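Asks: File follows, entry01.csv with CSV, C-alpha atoms and all ligand atoms:
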```csv
chain,number,residue,atom,x,y,z
A,1,MET,CA,-3.9,8.2,-61.1
A,2,LYS,CA,-2.2,4.9,-61.4
A,3,ILE,CA,0.0,3.3,-58.8
A,4,GLY,CA,2.6,0.7,-59.7
A,5,ILE,CA,3.4,-1.9,-57.0
A,6,LEU,CA,6.5,-4.2,-57.1
A,7,GLY,CA,5.1,-7.4,-55.7
A,8,GLY,CA,1.6,-8.8,-56.1
A,9,GLY,CA,0.9,-10.5,-52.8
A,10,GLN,CA,-1.7,-9.8,-50.1
A,11,LEU,CA,-0.1,-6.4,-49.2
A,12,ALA,CA,-0.5,-5.2,-52.8
A,13,ARG,CA,-4.0,-6.6,-52.8
A,14,MET,CA,-5.0,-4.7,-49.7
A,15,LEU,CA,-3.3,-1.5,-51.0
A,16,ALA,CA,-5.5,-1.8,-54.1
A,17,LEU,CA,-8.6,-2.5,-52.0
A,18,ALA,CA,-7.9,0.7,-50.1
A,19,GLY,CA,-7.1,2.7,-53.2
A,20,TYR,CA,-10.2,2.1,-55.3
A,21,PRO,CA,-12.4,4.4,-53.2
A,22,LEU,CA,-9.9,7.1,-53.7
A,23,GLY,CA,-10.2,6.7,-57.5
A,24,LEU,CA,-6.8,5.0,-57.9
A,25,ASP,CA,-5.9,2.2,-60.3
A,26,PHE,CA,-3.1,-0.3,-59.9
A,27,VAL,CA,-0.5,-2.2,-61.9
A,28,VAL,CA,1.6,-4.9,-60.1
A,29,LEU,CA,4.9,-6.3,-61.3
A,30,GLU,CA,5.1,-9.8,-60.0
A,31,PRO,CA,6.6,-13.0,-61.5
A,32,ALA,CA,4.0,-15.5,-60.1
A,33,PRO,CA,1.1,-16.2,-62.5
A,34,ASP,CA,-1.4,-16.6,-59.7
A,35,ALA,CA,-0.4,-13.5,-57.7
A,36,CYS,CA,-3.3,-12.7,-55.3
A,37,ALA,CA,-3.3,-9.0,-56.2
A,38,ALA,CA,-3.6,-9.8,-59.9
A,39,PRO,CA,-7.4,-9.9,-60.0
A,40,LEU,CA,-7.5,-6.4,-58.6
A,41,ALA,CA,-4.8,-4.8,-60.8
A,42,GLY,CA,-3.1,-4.8,-64.1
A,43,HIS,CA,-0.5,-7.6,-63.9
A,44,ILE,CA,2.9,-7.4,-65.6
A,45,GLN,CA,4.2,-11.0,-65.1
A,46,ALA,CA,8.0,-10.7,-65.1
A,47,ALA,CA,11.0,-10.9,-62.9
A,48,TYR,CA,11.7,-7.8,-60.7
A,49,ASP,CA,15.0,-7.2,-62.6
A,50,ASP,CA,13.5,-7.5,-66.1
A,51,SER,CA,14.4,-4.1,-67.5
A,52,THR,CA,11.8,-4.3,-70.3
A,53,ALA,CA,9.1,-5.1,-67.8
A,54,LEU,CA,10.3,-2.2,-65.5
A,55,GLU,CA,10.1,0.1,-68.5
A,56,GLN,CA,6.6,-1.0,-69.3
A,57,LEU,CA,5.6,-0.4,-65.7
A,58,ALA,CA,7.2,3.0,-65.6
A,59,LYS,CA,5.3,4.0,-68.8
A,60,SER,CA,1.9,2.8,-67.4
A,61,VAL,CA,1.9,4.4,-63.9
A,62,ASP,CA,2.3,7.7,-62.2
A,63,ARG,CA,4.3,6.5,-59.2
A,64,VAL,CA,5.7,3.3,-57.8
A,65,THR,CA,5.7,1.7,-54.4
A,66,TYR,CA,6.6,-1.9,-53.2
A,67,GLU,CA,5.2,-4.5,-50.9
A,68,PHE,CA,8.4,-6.2,-49.8
A,69,GLU,CA,12.0,-5.1,-49.1
A,70,SER,CA,13.9,-7.7,-51.2
A,71,VAL,CA,13.2,-5.8,-54.4
A,72,PRO,CA,16.5,-5.5,-56.3
A,73,ALA,CA,18.1,-2.1,-55.8
A,74,SER,CA,18.7,-1.9,-59.6
A,75,ALA,CA,14.9,-2.1,-60.2
A,76,VAL,CA,14.2,0.9,-57.9
A,77,GLU,CA,17.1,2.8,-59.5
A,78,GLN,CA,15.8,2.2,-63.0
A,79,LEU,CA,12.2,3.2,-62.1
A,80,GLY,CA,13.5,6.2,-60.1
A,81,VAL,CA,14.9,7.8,-63.2
A,82,SER,CA,11.5,8.4,-64.7
A,83,LEU,CA,9.0,8.6,-61.8
A,84,PRO,CA,8.8,8.9,-58.0
A,85,VAL,CA,9.4,5.6,-56.2
A,86,TYR,CA,8.4,5.6,-52.5
A,87,PRO,CA,9.6,4.7,-49.9
A,88,PRO,CA,13.0,6.0,-51.0
A,89,ALA,CA,15.8,3.6,-52.2
A,90,THR,CA,17.9,4.4,-49.1
A,91,ALA,CA,15.2,3.1,-46.8
A,92,LEU,CA,15.0,-0.1,-48.9
A,93,ALA,CA,18.7,-0.6,-48.8
A,94,THR,CA,18.8,-0.1,-45.1
A,95,ALA,CA,15.8,-2.3,-44.2
A,96,ARG,CA,16.8,-5.3,-46.4
A,97,ASP,CA,20.1,-5.8,-44.5
A,98,ARG,CA,19.9,-6.5,-40.7
A,99,ASN,CA,23.4,-5.2,-40.2
A,100,HIS,CA,22.6,-1.9,-41.8
A,101,GLU,CA,19.3,-1.4,-40.0
A,102,LYS,CA,20.7,-2.2,-36.6
A,103,THR,CA,23.6,0.1,-37.2
A,104,LEU,CA,21.3,2.9,-38.2
A,105,PHE,CA,19.1,2.3,-35.1
A,106,ASN,CA,22.2,2.6,-32.9
A,107,GLU,CA,23.4,5.7,-34.7
A,108,LEU,CA,20.1,7.3,-34.0
A,109,GLY,CA,20.3,6.5,-30.3
A,110,ILE,CA,17.7,3.7,-30.7
A,111,GLU,CA,18.5,0.7,-28.5
A,112,THR,CA,18.9,-2.8,-30.0
A,113,ALA,CA,20.0,-6.2,-28.7
A,114,PRO,CA,23.8,-6.5,-28.7
A,115,PHE,CA,24.9,-7.7,-32.2
A,116,ALA,CA,28.0,-8.4,-34.3
A,117,GLU,CA,28.6,-9.0,-38.0
A,118,VAL,CA,29.6,-12.5,-39.0
A,119,HIS,CA,31.3,-13.3,-42.3
A,120,ASP,CA,32.8,-16.8,-41.6
A,121,LEU,CA,33.1,-19.4,-38.9
A,122,ALA,CA,36.1,-17.7,-37.2
A,123,GLY,CA,34.0,-14.5,-37.2
A,124,LEU,CA,31.2,-16.4,-35.5
A,125,GLU,CA,33.5,-17.5,-32.7
A,126,GLN,CA,34.6,-13.8,-32.1
A,127,ALA,CA,31.0,-12.7,-32.3
A,128,VAL,CA,30.0,-15.2,-29.6
A,129,GLU,CA,32.7,-13.8,-27.3
A,130,GLN,CA,31.4,-10.3,-27.9
A,131,VAL,CA,27.6,-10.9,-27.7
A,132,GLY,CA,27.5,-13.9,-25.4
A,133,LEU,CA,25.1,-16.9,-25.5
A,134,PRO,CA,22.2,-17.7,-25.9
A,135,ALA,CA,22.1,-15.8,-29.2
A,136,ILE,CA,20.5,-15.9,-32.6
A,137,LEU,CA,22.4,-16.1,-35.8
A,138,LYS,CA,20.4,-14.4,-38.6
A,139,THR,CA,21.2,-14.0,-42.2
A,140,ARG,CA,21.7,-10.3,-43.1
A,141,THR,CA,19.3,-10.4,-46.0
A,142,LEU,CA,16.3,-12.4,-47.2
A,143,GLY,CA,15.2,-13.5,-43.7
A,144,TYR,CA,11.6,-13.3,-42.8
A,145,ASP,CA,9.0,-15.0,-40.5
A,146,GLY,CA,11.8,-16.6,-38.6
A,147,LYS,CA,13.5,-18.1,-41.7
A,148,GLY,CA,17.3,-17.8,-42.0
A,149,GLN,CA,17.7,-17.9,-38.2
A,150,GLN,CA,19.4,-20.3,-35.8
A,151,VAL,CA,19.4,-20.1,-32.0
A,152,ILE,CA,22.7,-20.9,-30.5
A,153,GLN,CA,22.7,-22.2,-26.9
A,154,PRO,CA,25.8,-22.5,-24.6
A,155,GLY,CA,27.6,-25.7,-25.6
A,156,ASP,CA,26.2,-25.8,-29.1
A,157,GLU,CA,28.6,-26.6,-32.0
A,158,LEU,CA,29.1,-23.2,-33.8
A,159,GLU,CA,29.8,-25.0,-37.1
A,160,VAL,CA,26.3,-26.6,-37.0
A,161,ALA,CA,24.7,-23.2,-36.7
A,162,TRP,CA,26.9,-21.7,-39.4
A,163,GLN,CA,26.0,-24.6,-41.8
A,164,ALA,CA,22.3,-24.2,-40.9
A,165,VAL,CA,22.1,-20.6,-42.0
A,166,GLY,CA,23.8,-21.5,-45.3
A,167,GLN,CA,27.3,-19.9,-44.6
A,168,VAL,CA,26.2,-16.5,-45.8
A,169,PRO,CA,26.8,-13.1,-44.2
A,170,CYS,CA,25.0,-12.9,-40.9
A,171,VAL,CA,24.5,-10.9,-37.7
A,172,LEU,CA,24.8,-12.6,-34.3
A,173,GLU,CA,22.2,-11.1,-32.0
A,174,GLY,CA,22.0,-11.5,-28.2
A,175,PHE,CA,18.9,-13.4,-27.1
A,176,VAL,CA,16.5,-10.9,-25.5
A,177,ASP,CA,14.3,-12.1,-22.6
A,178,PHE,CA,11.6,-9.7,-23.5
A,179,ASP,CA,8.4,-8.8,-21.6
A,180,ARG,CA,6.4,-8.3,-24.9
A,181,GLU,CA,6.9,-7.7,-28.6
A,182,VAL,CA,5.3,-4.5,-29.9
A,183,SER,CA,5.4,-2.6,-33.1
A,184,VAL,CA,4.7,0.9,-34.2
A,185,ILE,CA,3.2,1.7,-37.6
A,186,ALA,CA,4.3,5.2,-38.6
A,187,VAL,CA,3.6,7.2,-41.8
A,188,ARG,CA,5.2,10.2,-43.4
A,189,SER,CA,4.0,12.0,-46.5
A,190,VAL,CA,6.0,13.6,-49.3
A,191,SER,CA,5.6,17.0,-47.6
A,192,GLY,CA,6.7,15.7,-44.2
A,193,GLU,CA,3.4,15.2,-42.4
A,194,LEU,CA,3.7,12.5,-39.8
A,195,ALA,CA,1.2,10.2,-38.1
A,196,PHE,CA,1.5,7.2,-35.8
A,197,TYR,CA,-0.9,4.4,-35.0
A,198,PRO,CA,-1.2,3.1,-31.4
A,199,LEU,CA,1.3,0.4,-30.7
A,200,ALA,CA,0.3,-3.2,-31.5
A,201,GLU,CA,1.3,-6.0,-29.1
A,202,ASN,CA,2.4,-9.0,-31.2
A,203,VAL,CA,2.4,-12.7,-30.4
A,204,HIS,CA,4.4,-15.0,-32.7
A,205,ARG,CA,4.0,-18.8,-33.2
A,206,ASP,CA,6.8,-20.8,-34.8
A,207,GLY,CA,8.4,-17.4,-35.8
A,208,ILE,CA,5.3,-16.2,-37.7
A,209,LEU,CA,3.1,-13.4,-36.4
A,210,ARG,CA,-0.1,-14.9,-35.1
A,211,LEU,CA,-1.9,-12.1,-33.1
A,212,SER,CA,-1.7,-8.3,-33.0
A,213,THR,CA,-3.6,-6.4,-30.5
A,214,CYS,CA,-4.0,-2.6,-30.6
A,215,LEU,CA,-2.9,-1.1,-27.3
A,216,HIS,CA,-4.7,1.9,-25.8
A,217,GLY,CA,-2.6,4.5,-24.1
A,218,ASP,CA,0.4,2.3,-23.6
A,219,SER,CA,3.2,3.9,-21.6
A,220,HIS,CA,5.8,3.0,-24.3
A,221,GLN,CA,3.9,4.9,-27.1
A,222,PRO,CA,5.8,8.2,-26.8
A,223,LEU,CA,9.2,6.4,-26.9
A,224,ALA,CA,8.1,4.3,-29.9
A,225,GLU,CA,6.9,7.4,-31.8
A,226,ASP,CA,10.1,9.3,-30.9
A,227,TYR,CA,12.2,6.4,-32.3
A,228,ALA,CA,10.1,6.1,-35.4
A,229,ARG,CA,10.3,9.9,-36.0
A,230,ARG,CA,14.1,9.7,-35.9
A,231,VAL,CA,14.2,7.0,-38.6
A,232,LEU,CA,11.6,8.7,-40.8
A,233,GLU,CA,13.4,12.0,-40.7
A,234,ARG,CA,16.9,10.5,-41.2
A,235,LEU,CA,15.8,8.5,-44.3
A,236,ASP,CA,13.6,11.4,-45.7
A,237,TYR,CA,11.0,8.6,-45.7
A,238,VAL,CA,7.7,8.6,-47.6
A,239,GLY,CA,5.0,6.0,-46.9
A,240,VAL,CA,4.2,3.6,-44.1
A,241,LEU,CA,7.1,2.3,-42.0
A,242,ALA,CA,6.8,-0.4,-39.3
A,243,ILE,CA,9.3,-0.9,-36.5
A,244,GLU,CA,9.2,-4.0,-34.4
A,245,PHE,CA,10.5,-3.8,-30.8
A,246,PHE,CA,11.3,-6.1,-27.9
A,247,GLN,CA,9.9,-4.4,-24.8
A,248,VAL,CA,12.1,-5.0,-21.7
A,249,GLY,CA,10.8,-3.0,-18.7
A,250,GLU,CA,10.9,0.7,-19.8
A,251,HIS,CA,13.2,-0.1,-22.7
A,252,LEU,CA,12.3,-0.7,-26.3
A,253,LEU,CA,14.9,-2.6,-28.3
A,254,ALA,CA,14.4,-2.2,-32.0
A,255,ASN,CA,14.5,-5.7,-33.7
A,256,GLU,CA,13.8,-4.8,-37.3
A,257,MET,CA,11.9,-2.4,-39.6
A,258,ALA,CA,9.8,-2.9,-42.7
A,259,PRO,CA,9.7,-0.1,-45.3
A,260,ARG,CA,6.1,-0.9,-46.2
A,261,VAL,CA,2.6,-1.7,-44.9
A,262,HIS,CA,3.0,-4.4,-42.3
A,263,ASN,CA,1.2,-7.4,-41.0
A,264,SER,CA,1.0,-6.0,-37.5
A,265,GLY,CA,-1.0,-3.1,-39.0
A,266,HIS,CA,-3.8,-5.1,-40.6
A,267,TRP,CA,-6.0,-4.4,-37.6
A,268,THR,CA,-6.2,-0.8,-38.8
A,269,ILE,CA,-8.6,-1.8,-41.7
A,270,GLU,CA,-11.6,-2.0,-39.4
A,271,GLY,CA,-9.9,-0.9,-36.2
A,272,ALA,CA,-8.7,2.6,-37.0
A,273,GLN,CA,-10.3,5.7,-38.6
A,274,THR,CA,-7.9,5.3,-41.6
A,275,SER,CA,-6.2,2.1,-42.5
A,276,GLN,CA,-2.4,1.8,-42.9
A,277,PHE,CA,-3.1,0.9,-46.6
A,278,GLU,CA,-5.0,4.1,-47.2
A,279,ASN,CA,-2.5,6.2,-45.3
A,280,HIS,CA,0.4,4.7,-47.3
A,281,LEU,CA,-1.3,5.7,-50.5
A,282,ARG,CA,-2.2,9.2,-49.1
A,283,ALA,CA,1.5,9.6,-48.1
A,284,ILE,CA,3.0,8.7,-51.4
A,285,LEU,CA,0.5,10.9,-53.3
A,286,ASP,CA,1.1,13.8,-50.8
A,287,LEU,CA,-2.5,13.9,-49.7
A,288,PRO,CA,-3.4,14.9,-46.1
A,289,LEU,CA,-2.9,11.9,-43.9
A,290,GLY,CA,-6.1,10.4,-42.3
A,291,SER,CA,-6.7,10.0,-38.6
A,292,THR,CA,-4.9,7.1,-37.0
A,293,LYS,CA,-7.2,7.0,-34.0
A,294,PRO,CA,-8.4,3.5,-33.0
A,295,MET,CA,-12.1,2.7,-33.2
A,296,GLY,CA,-13.1,0.4,-30.3
A,297,HIS,CA,-10.8,-2.3,-29.2
A,298,ALA,CA,-9.2,-4.2,-32.1
A,299,ALA,CA,-7.0,-7.1,-32.8
A,300,MET,CA,-5.9,-9.1,-35.8
A,301,VAL,CA,-5.5,-12.9,-36.0
A,302,ASN,CA,-3.5,-14.4,-38.9
A,303,LEU,CA,-4.9,-17.4,-40.7
A,304,ILE,CA,-1.9,-19.6,-41.4
A,305,GLY,CA,-1.8,-22.8,-43.4
A,306,ASP,CA,-5.4,-24.2,-43.5
A,307,LEU,CA,-8.6,-22.5,-44.6
A,308,PRO,CA,-10.7,-22.2,-41.4
A,309,ASP,CA,-14.4,-22.8,-40.9
A,310,THR,CA,-15.4,-19.5,-42.5
A,311,LYS,CA,-19.1,-20.0,-41.8
A,312,ALA,CA,-18.4,-20.4,-38.0
A,313,LEU,CA,-16.1,-17.3,-38.0
A,314,LEU,CA,-18.6,-15.1,-39.8
A,315,GLY,CA,-21.3,-16.3,-37.4
A,316,LEU,CA,-19.4,-14.3,-34.7
A,317,GLU,CA,-20.4,-10.7,-34.1
A,318,ASN,CA,-17.8,-8.0,-34.8
A,319,VAL,CA,-15.5,-10.4,-36.7
A,320,HIS,CA,-14.2,-9.3,-40.1
A,321,LEU,CA,-12.8,-11.9,-42.4
A,322,HIS,CA,-10.1,-11.2,-45.0
A,323,LEU,CA,-9.1,-14.1,-47.3
A,324,TYR,CA,-6.3,-13.4,-49.8
A,325,GLY,CA,-7.4,-15.9,-52.5
A,326,LYS,CA,-4.2,-18.0,-51.9
A,327,ALA,CA,-4.0,-21.8,-51.9
A,328,PRO,CA,-3.7,-23.2,-48.4
A,329,ARG,CA,-0.2,-24.5,-47.6
A,330,PRO,CA,1.5,-25.2,-44.3
A,331,GLY,CA,3.1,-22.0,-42.9
A,332,ARG,CA,1.5,-19.8,-45.5
A,333,LYS,CA,-0.5,-16.7,-44.6
A,334,ILE,CA,-3.8,-17.1,-46.4
A,335,GLY,CA,-5.9,-14.5,-44.7
A,336,HIS,CA,-6.6,-12.7,-41.4
A,337,ILE,CA,-9.4,-11.8,-39.1
A,338,THR,CA,-10.0,-8.4,-37.6
A,339,VAL,CA,-12.0,-8.2,-34.4
A,340,ARG,CA,-13.4,-4.9,-33.2
A,341,GLU,CA,-15.2,-4.8,-29.9
A,342,VAL,CA,-16.5,-2.2,-27.4
A,343,SER,CA,-14.2,-3.1,-24.5
A,344,ALA,CA,-10.9,-4.9,-23.8
A,345,GLU,CA,-12.9,-7.7,-22.0
A,346,ARG,CA,-15.2,-8.3,-24.9
A,347,LEU,CA,-12.2,-8.4,-27.2
A,348,GLN,CA,-10.6,-11.1,-25.1
A,349,THR,CA,-13.8,-13.2,-25.1
A,350,ARG,CA,-14.2,-12.8,-28.9
A,351,LEU,CA,-10.5,-13.9,-29.4
A,352,ALA,CA,-11.2,-17.0,-27.3
A,353,ASP,CA,-14.3,-17.8,-29.5
A,354,ILE,CA,-12.0,-17.5,-32.5
A,355,ASP,CA,-9.4,-19.7,-31.0
A,356,ASN,CA,-12.0,-22.4,-30.5
A,357,ILE,CA,-12.9,-22.3,-34.2
A,358,LEU,CA,-9.3,-22.2,-35.6
A,401,LIG,P1,12.7,-11.6,-36.8
A,401,LIG,O1,12.7,-12.3,-38.1
A,401,LIG,O2,13.9,-10.9,-36.5
A,401,LIG,O3,11.5,-10.7,-36.7
A,401,LIG,O4,12.4,-12.7,-35.7
A,401,LIG,C1,11.2,-13.5,-35.6
A,401,LIG,C2,10.8,-13.7,-34.2
A,401,LIG,O5,11.9,-14.4,-33.5
A,401,LIG,C3,10.7,-12.4,-33.4
A,401,LIG,O6,9.5,-11.8,-33.5
A,401,LIG,C4,10.9,-12.9,-32.0
A,401,LIG,O7,9.7,-13.6,-31.5
A,401,LIG,C5,12.0,-14.0,-32.2
A,401,LIG,N1,13.3,-13.3,-32.0
A,401,LIG,C6,14.1,-12.8,-33.0
A,401,LIG,N2,15.2,-12.2,-32.5
A,401,LIG,C7,15.2,-12.4,-31.2
A,401,LIG,C8,16.1,-12.1,-30.1
A,401,LIG,N3,17.2,-11.4,-30.3
A,401,LIG,N4,15.8,-12.5,-28.9
A,401,LIG,C9,14.6,-13.1,-28.6
A,401,LIG,N5,13.7,-13.5,-29.6
A,401,LIG,C10,14.0,-13.1,-30.9
```
Could I get this file's structure written as structure tokens?
Ligand code: AMP

Replies:
Amino acid sequence: MKIGILGGGQLARMLALAGYPLGLDFVVLEPAPDACAAPLAGHIQAAYDDSTALEQLAKSVDRVTYEFESVPASAVEQLGVSLPVYPPATALATARDRNHEKTLFNELGIETAPFAEVHDLAGLEQAVEQVGLPAILKTRTLGYDGKGQQVIQPGDELEVAWQAVGQVPCVLEGFVDFDREVSVIAVRSVSGELAFYPLAENVHRDGILRLSTCLHGDSHQPLAEDYARRVLERLDYVGVLAIEFFQVGEHLLANEMAPRVHNSGHWTIEGAQTSQFENHLRAILDLPLGSTKPMGHAAMVNLIGDLPDTKALLGLENVHLHLYGKAPRPGRKIGHITVREVSAERLQTRLADIDNIL
């Protein structure tokens, strides 16, 4: 069985690494010549909207998935004519647009921060009246890792913020004074089997995820699963879905969703019975889903920018290093570390050891 993946970055690479033991092969469609999944897969080097390349991909694989949500809808449509593409196109269309995803959350009774659509400067003024300040102006599409965002404080010039985001369609979102950021990784198979991983608590630095810690028996788990189930079922979803939340007291406010394997689920490689990558593949192939139970106390630390002292890291017990084969560059995710320990206390000690090395 051959799986096609749109995108050839680290998520595609980790999907391939999880798929080989299941006897799967992979082909990635990715424009970059040095795609980090390329050494593990066939590589069609072309633009995502190159219809000849899409035809070549469709002919060489049994089904298609993707590793990022900005894939052109036309590519998914073209592929969908000849073979199954999961997650479904509607999920992609919803998740790539912040206005669509927040509207869907609210329709499904899932709380979000207050938000309003913004099309122009006059619209931004109205949105500020509606939502209040402080607030964050976010581009509707193509924003990630804090890019395409501008915080607006009381007294700020609205025109400056509007220029800063590039005068493109946006949402203005009320600033949430959250207690924590958490995410749920959920998975649904072709025949509708569902599974949920324990919530991860996420810490960001400069808008980029830095640390995800698997939570054991968190009181917000049932609500997060209920919310994720509503989305999965509404979208007739297949594959892994991640939803990021702001936790405020008993409430979970959905921030955004990703229709794919997600950075806050990387801890599952060594920290859960079955990784999110393997479960994504099982889901799209309609195989039974694997157990999502955690093994020990796990956390994931992203390696951003520079290559760390790998010798020192590997000298620590219960630390697992994942390097993606990407050239170091400021702000670039070049790998991650998973830590799995026998207790929450040991985990914190180990994370402090890692911090001293990074
Ligand atoms: P996003 O690209 O929407 O995931 O935002 C990146 C990060 O910016 C989030 O993980 C939060 O740490 C922060 N952030 C985004 N939106 C808000 C908000 N409405 N209120 C407070 N912090 C936010």

Asks: Return as a ChimeraX atom specification every polymer residue, whether protein, DNA or RNA, with at least one atom no more than 8 Å from an atom of ligand LIG 401 (chain A); count only C-alpha atoms and all ligand atoms.

Replies: /A:113,135-136,138,143-147,149,173-178,181,202-205,207-209,244,246,255-256

Asks: Could you give me, as a PDB file with C-alpha atoms, in the coordinates of the input, the residues within 12 Å of Thr103 of chain A, counting all atoms listed in the file and dropping anything in the same chain fewer than 5 positions from it?

Replies:
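Below you can see selection-v9.pdb, which holds the result:
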```pdb
ATOM      1  CA  THR A  94      18.800  -0.100 -45.100  1.00  0.00           C
ATOM      2  CA  ALA A  95      15.800  -2.300 -44.200  1.00  0.00           C
ATOM      3  CA  ASP A  97      20.100  -5.800 -44.500  1.00  0.00           C
ATOM      4  CA  ARG A  98      19.900  -6.500 -40.700  1.00  0.00           C
ATOM      5  CA  LEU A 108      20.100   7.300 -34.000  1.00  0.00           C
ATOM      6  CA  GLY A 109      20.300   6.500 -30.300  1.00  0.00           C
ATOM      7  CA  ILE A 110      17.700   3.700 -30.700  1.00  0.00           C
ATOM      8  CA  GLU A 111      18.500   0.700 -28.500  1.00  0.00           C
ATOM      9  CA  THR A 112      18.900  -2.800 -30.000  1.00  0.00           C
ATOM     10  CA  ALA A 113      20.000  -6.200 -28.700  1.00  0.00           C
ATOM     11  CA  PRO A 114      23.800  -6.500 -28.700  1.00  0.00           C
ATOM     12  CA  PHE A 115      24.900  -7.700 -32.200  1.00  0.00           C
ATOM     13  CA  ALA A 116      28.000  -8.400 -34.300  1.00  0.00           C
ATOM     14  CA  GLU A 117      28.600  -9.000 -38.000  1.00  0.00           C
ATOM     15  CA  VAL A 171      24.500 -10.900 -37.700  1.00  0.00           C
ATOM     16  CA  VAL A 231      14.200   7.000 -38.600  1.00  0.00           C
ATOM     17  CA  ALA A 254      14.400  -2.200 -32.000  1.00  0.00           C
ATOM     18  CA  ASN A 255      14.500  -5.700 -33.700  1.00  0.00           C
ATOM     19  CA  GLU A 256      13.800  -4.800 -37.300  1.00  0.00           C
TER      20      GLU A 256
END
```

Asks: Determine, counting all atoms listed in the file, which protein, DNA and RNA residues have an atom within 10 Å of an atom of Pro39 of chain A; residues of the same chain fewer than 6 positions away are not included. Present the result as a ChimeraX atom specification.

Replies: /A:8,13,325

Asks: Could you write out that same residue set with C-alpha atoms as an mmCIF file, in the frame of the given file?

Replies:
```
data_model
loop_
_atom_site.group_PDB
_atom_site.id
_atom_site.type_symbol
_atom_site.label_atom_id
_atom_site.label_comp_id
_atom_site.auth_asym_id
_atom_site.auth_seq_id
_atom_site.Cartn_x
_atom_site.Cartn_y
_atom_site.Cartn_z
ATOM 1 C CA GLY A 8 1.600 -8.800 -56.100
ATOM 2 C CA ARG A 13 -4.000 -6.600 -52.800
ATOM 3 C CA GLY A 325 -7.400 -15.900 -52.500
#
```

Asks: Quick check, in Å to one decimal: how far apart do atom CA of Val168 of chain A and atom CA of Val76 of chain A lie?

Replies: 24.4 Å

Asks: Would you list the residues near (5.3, 3.5, -41.8) (no more than 7 Å away, in the coordinates of the file, using only C-alpha atoms) as a PyMOL selection string?

Replies: chain A and resi 185-188+239-242+259-261

Asks: Could you tell me how far atom CA of Phe26 of chain A sits from atom CA of Val190 of chain A, in Å to one decimal place?

Replies: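 According to the coordinates, atom CA of Val190 of chain A and atom CA of Phe26 of chain A are separated by 19.7 Å.
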
Asks: Which of these, A:Ile337, A:Ile304, A:Leu57, A:Tyr324, has the shortest distance to Asp206 of chain A once you count all atoms listed in the file?

Replies: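 Closest to Asp206 of chain A of all the choices is A:Ile304.
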
Asks: So which one's closest to Met300 of chain A, A:Ala344, A:Ala200, A:Ala224, A:Leu287? Using only C-alpha atoms, please.

Replies: A:Ala200

Asks: Looking at A:Val85, A:Ala38, A:Val61, A:Leu347, which one is nearest to Lys2 of chain A, with distances taken over only C-alpha atoms?

Replies: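 Ranking A:Val85, A:Ala38, A:Val61, A:Leu347 by distance to Lys2 of chain A, first place goes to A:Val61.
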
Asks: Using all atoms listed in the file, which residues sit within 10 Å of Leu303 of chain A once same-chain residues fewer than 6 positions away are excluded, as a PyMOL selection string?

Replies: chain A and resi 209-211+321-323+328+331-337+358

Asks: Counting all atoms listed in the file, which residues come within 12 Å of (3.1, 19.5, -47.9), with the point read in the file's coordinates, and could you list them as a list in words?

Replies: Arg188, Ser189, Val190, Ser191, Gly192, Glu193, Leu194, Val238, Arg282, Ala283, Ile284, Leu285, Asp286, Leu287, Pro288 and Leu289 of chain A

Asks: Take the residues from that selection and write them out as a tab-separated table (two decimals), in the frame of the given file, keeping C-alpha atoms.

Replies:
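What ended up in out.tsv:
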```tsv
chain	number	residue	atom	x	y	z
A	188	ARG	CA	5.20	10.20	-43.40
A	189	SER	CA	4.00	12.00	-46.50
A	190	VAL	CA	6.00	13.60	-49.30
A	191	SER	CA	5.60	17.00	-47.60
A	192	GLY	CA	6.70	15.70	-44.20
A	193	GLU	CA	3.40	15.20	-42.40
A	194	LEU	CA	3.70	12.50	-39.80
A	238	VAL	CA	7.70	8.60	-47.60
A	282	ARG	CA	-2.20	9.20	-49.10
A	283	ALA	CA	1.50	9.60	-48.10
A	284	ILE	CA	3.00	8.70	-51.40
A	285	LEU	CA	0.50	10.90	-53.30
A	286	ASP	CA	1.10	13.80	-50.80
A	287	LEU	CA	-2.50	13.90	-49.70
A	288	PRO	CA	-3.40	14.90	-46.10
A	289	LEU	CA	-2.90	11.90	-43.90
```

Asks: I need the residue nearest Ser60 of chain A from this list: A:Val81, A:Val151, A:Met1, A:Ala32. Use only C-alpha atoms for the distance.

Replies: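 Selected residue with least distance to Ser60 of chain A: A:Met1.
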
Asks: Kindly give the distance, in Å, that separates atom CA of Tyr227 of chain A and atom CA of Val71 of chain A, rounded to a single decimal.

Replies: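 These two atoms are separated by 25.3 Å.
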
Asks: Looking at A:Ala127, A:Arg140, A:Glu67, A:Phe196, which one is nearest to Arg96 of chain A, with distances taken over all atoms listed in the file?

Replies: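 Checking each of A:Ala127, A:Arg140, A:Glu67, A:Phe196 against Arg96 of chain A, counting all atoms listed in the file, the winner is A:Arg140.
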
Asks: Please identify all polymer residues within 10 Å of segment 33-35 of chain A, counting all atoms listed in the file, omitting same-chain residues fewer than 5 positions from it, and present them as a PyMOL selection string.

Replies: chain A and resi 7-10+12-13+28+43-46+324-327

Asks: Between A:Val131, A:Ala258, A:Ala93, A:Leu124, which has the minimum distance to Ser183 of chain A (counting all atoms listed in the file)?

Replies: A:Ala258
